[in-house]
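A.B. asks: Dropping a structure here in structure tokens format, bear with me for questions.
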Amino acid sequence: MDKDTMAAALAVFMEEARDLIADMEAILLRLEEGTSEGDELPALFRCAHTIKGSAGMFGLEEVVRFTHVVESVLDRLRNREIKFDSDLASVLLESQDHIAGLIAAVAEGTEGDNERSNALIPRLSNWLDAAHAAPKAHKVVAAKGEPDVTADGGGILSDYWHVSLRFAPCVLTDGMDPLKFIQYLNHLGRIVHVETIADNLPSLQEADIELCYLGFEVALETQAGKEEIEEVFEFYGDNARIAILPPHSKVSEFLALIESLPEETGRLGEILVACGTLTASELERALASQAASDDPTPPLLGKLLVEAGVVEPAVVGAAVEKQRRDEEKRSNESKSLKVQSDRLDALIDRVGELVIAGSGNQVQAAKTAQPAMLEVASQLMVLVEDIRDMALRLRMVAIGEVFSRFPRVVRDVSRELGKEIQLTISGAEAELDKSMVEKVADPLMHLLRNSMDHGIEPASVRASRGKPEKGTVSLKAYHESGAIIIEVSDDGGGLDPEKILRKAIEKGIVAEGASLSLHDTHQLILAPGFSTAAQVTNLSGRGVGMDVVKSNVEALRGTLEIQSEFGKGT
């Protein structure tokens, strides 16, 4: 691969990695807040797994080294071997930040912070050690001299294949001996343990000696695949219900195989067959069962496979997620096209020139006083203006691109301040020019930090004022009269006009005895160097912030308005 191609591929990796890191952060925040919809742990694991795999392709050894440890923790979390809590969320969020830093260092051609990797890895390893120390399941006692097999519920979680056999009562009268077939499994490997299941055994008086009432659970050590094991019992047809589960260690292999499958493998059943966790006959039986359902909304294939015990839930979840991502990617590819911003700017410049030329053409047509020429020039101008509007809309992006950065900010700052604060967002779909989206991020960051530091009161103060202990900061965006309105509000203590005026007089910003309206008093907080904070903190107190917000907003030809009610919010 030549240097240009490698550089282009690396740039694509950087962009995809940034998206995956953003997804990791969003999932972790939802899990911590308890607002996660469904089981997002497999998706979280796949984010780290994909970053590690792609980084390995480009020889980014430090990214691979560190992300491998994160992936191991997420694997334990996904398999419910460790419990998700606030402490784990904090370490994983720090780790996600560090991965972002390592990738940014690659983009900038600088050295990554290996020391931070070395500091975080032991902290992550605490959860790996805890997972190894925790009891994972109860045990089925094997025969003397044979290894124990760990069981959890109905399935066996070990490094052996688990074959669950339930025969139809008539198998003996049909001339088949189940034990012969079970013993034949030794030709594929070694039978480690057989557990006889007598749940359906009737009383001695009711039993028929020609019928089979027993089931069997078999632990098999073999290098054979699932299809080979299934073929041993193929002769039974409908006279046996057979479930074959892979070794516990193989589940992660299946998950990796699913990730590596091409996008053309689109259907759930095809994905599971392609990765080897499902056989063609098992898929055929599940599809037949689905088709035979009388329910107007047939059961989902994945649900049927899990209930039948032929596929691990984690593997089905990974296949469903891959199917969703592939469909989404194909959909996005058909809807969007990435274009370099300088090319887009050049196009808009040419469109601007075209508008000017079109106007000149219309003026010249008017001078001819020829109706036909005027009509053609008018139609041309309408088309040119449409092209102008469409070109300008190409630069529009949703402000949610900026809003999505702030849930993490609110989480970290609220912990630093020792306050309970929640962030609500609305209107994230409102659009504005991409250059403005980037420039409005810093002012919004200042406003949010001020709301959390100065606005939201401590829990005890809020309780004494009859407010919920958890404060709320809100971000809202909407279009109005050709402008975009962005509101940052909080339900905190509001601005104290008397305190503000007192401080302004002390600093000589206004004269002693001055009488200002409420609006003008509020505007004083925008003065350079103004602060009412009693002490300097990492967040505020230096008088730098609100004047920067004002100047940044005005640089975008915007205005900054303040509305506040003391004791109720700003």
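Labeling convention for the structure tokens: chains A, B, ... as they appear, residues from 1 per chain, ligands from 1 in order of appearance.
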Could you name the residues that touch A:Glu512 at 12 Å or less, counting only C-alpha atoms, but leaving out those on the same chain fewer than 6 positions away, as a list in words?
C.D. replies: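 Close residues of A:Glu512: Leu501, Arg502, Lys503, Ala504, Ile505 and Glu506 of chain A.
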A.B. asks: Hey, what's within 12 Å of A:Ser54 if we count only C-alpha atoms and toss same-chain stuff fewer than 3 positions away? As a PyMOL selection string, please?
C.D. replies: chain A and resi 9-17+20+46-51+57-61+63-64+67+103+259-260
A.B. asks: I need the alpha helix (DSSP H) residues of stretch 338-552 of chain A per DSSP on the backbone, written as a PyMOL selection string.
C.D. replies: chain A and resi 341-368+371-393+400-403+406-417+434-450+459-464+497-506+518-523+546-552
A.B. asks: Excluding A:Glu32 and its own-chain neighbours fewer than 4 positions away, which residues fall within 9 Å of it when counting only C-alpha atoms? Please give them as a list of chain:residue names.
C.D. replies: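 That gives A:Ile27, A:Leu28, A:Ser36, A:Phe84, A:Asp85, A:Ser86, A:Ala89.
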A.B. asks: Report the distance between atom CA of A:Val351 and atom CA of A:Arg388 in Å, rounded to one decimal place.
C.D. replies: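 Separation between atom CA of A:Val351 and atom CA of A:Arg388: 5.9 Å.
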A.B. asks: A:Cys170, A:Lys434, A:Thr222, A:Ile244: which is nearest A:Val306, counting only C-alpha atoms?
C.D. replies: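 Using only C-alpha atoms, the shortest distance to A:Val306 belongs to A:Ile244.
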A.B. asks: With distances taken over only C-alpha atoms, which residue among A:Gly545, A:Gly175, A:Pro443, A:Gly269 lies nearest A:Ser531?
C.D. replies: A:Gly545
A.B. asks: Could you give me, as a ChimeraX atom specification, the residues within 12 Å of A:Pro298, counting only C-alpha atoms and dropping anything in the same chain fewer than 6 positions from it?
C.D. replies: /A:286-292,304
A.B. asks: Could you pull the residues within 10 Å of A:Met24, counting only C-alpha atoms, minus those fewer than 4 positions along the same chain, as a PyMOL selection string?
C.D. replies: chain A and resi 18-20+28-30+40-41+43-48+92-93+96
A.B. asks: Write the residues you've just listed into a file as a compact mmCIF listing (two decimals), in the first residue's frame, and include N, CA and C atoms for each of them.
C.D. replies:
# COMPACT_ATOMS: atom_id res chain seq x y z
N ARG A 18 -13.11 8.19 16.38
CA ARG A 18 -13.75 9.29 17.14
C ARG A 18 -15.23 9.04 17.33
N ASP A 19 -15.88 8.51 16.30
CA ASP A 19 -17.32 8.18 16.42
C ASP A 19 -17.53 7.08 17.45
N LEU A 20 -16.67 6.06 17.42
CA LEU A 20 -16.81 4.94 18.37
C LEU A 20 -16.55 5.41 19.80
N LEU A 28 -21.87 4.78 28.27
CA LEU A 28 -21.46 4.77 29.68
C LEU A 28 -22.29 5.75 30.50
N LEU A 29 -22.57 6.92 29.95
CA LEU A 29 -23.38 7.91 30.68
C LEU A 29 -24.80 7.41 30.86
N ARG A 30 -25.35 6.77 29.80
CA ARG A 30 -26.72 6.24 29.93
C ARG A 30 -26.76 5.11 30.96
N GLU A 40 -27.05 -2.61 26.44
CA GLU A 40 -26.08 -1.92 25.60
C GLU A 40 -24.64 -2.37 25.88
N LEU A 41 -24.47 -3.33 26.78
CA LEU A 41 -23.12 -3.79 27.11
C LEU A 41 -22.42 -4.44 25.92
N ALA A 43 -22.77 -3.69 22.79
CA ALA A 43 -22.39 -2.58 21.91
C ALA A 43 -21.18 -1.84 22.46
N LEU A 44 -21.13 -1.69 23.79
CA LEU A 44 -19.99 -1.02 24.43
C LEU A 44 -18.71 -1.83 24.21
N PHE A 45 -18.81 -3.14 24.37
CA PHE A 45 -17.66 -4.02 24.14
C PHE A 45 -17.18 -3.91 22.70
N ARG A 46 -18.13 -3.89 21.75
CA ARG A 46 -17.75 -3.88 20.34
C ARG A 46 -17.06 -2.57 19.95
N CYS A 47 -17.39 -1.48 20.61
CA CYS A 47 -16.70 -0.20 20.33
C CYS A 47 -15.20 -0.37 20.61
N ALA A 48 -14.87 -0.89 21.80
CA ALA A 48 -13.46 -1.09 22.17
C ALA A 48 -12.81 -2.13 21.27
N LEU A 92 -13.80 3.79 33.35
CA LEU A 92 -14.00 3.56 31.91
C LEU A 92 -14.08 4.87 31.14
N LEU A 93 -14.69 5.89 31.75
CA LEU A 93 -14.74 7.20 31.08
C LEU A 93 -13.34 7.80 30.97
N GLN A 96 -11.67 5.92 28.24
CA GLN A 96 -12.16 6.37 26.93
C GLN A 96 -11.50 7.68 26.53
A.B. asks: Could you pull out all residues of stretch 221-456 of chain A with a DSSP call of strand (DSSP E or B) and give them as a list in words?
C.D. replies: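 Answer for stretch 221-456 of chain A restricted to strand (DSSP E or B) is Glu221, Thr222, Ala240, Arg241, Ile242, Ala243, Ile244, Leu245, Met396, Val397, Ala398, Ile421, Gln422, Leu423, Thr424, Ile425, Ser426, Glu431, Leu432 and Asp433 of chain A.
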A.B. asks: Just give me the gap between atom CA of A:Leu448 and atom CA of A:Val397 in Å, one decimal is fine.
C.D. replies: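 One can read the atom CA of A:Leu448 to atom CA of A:Val397 distance as 21.6 Å.
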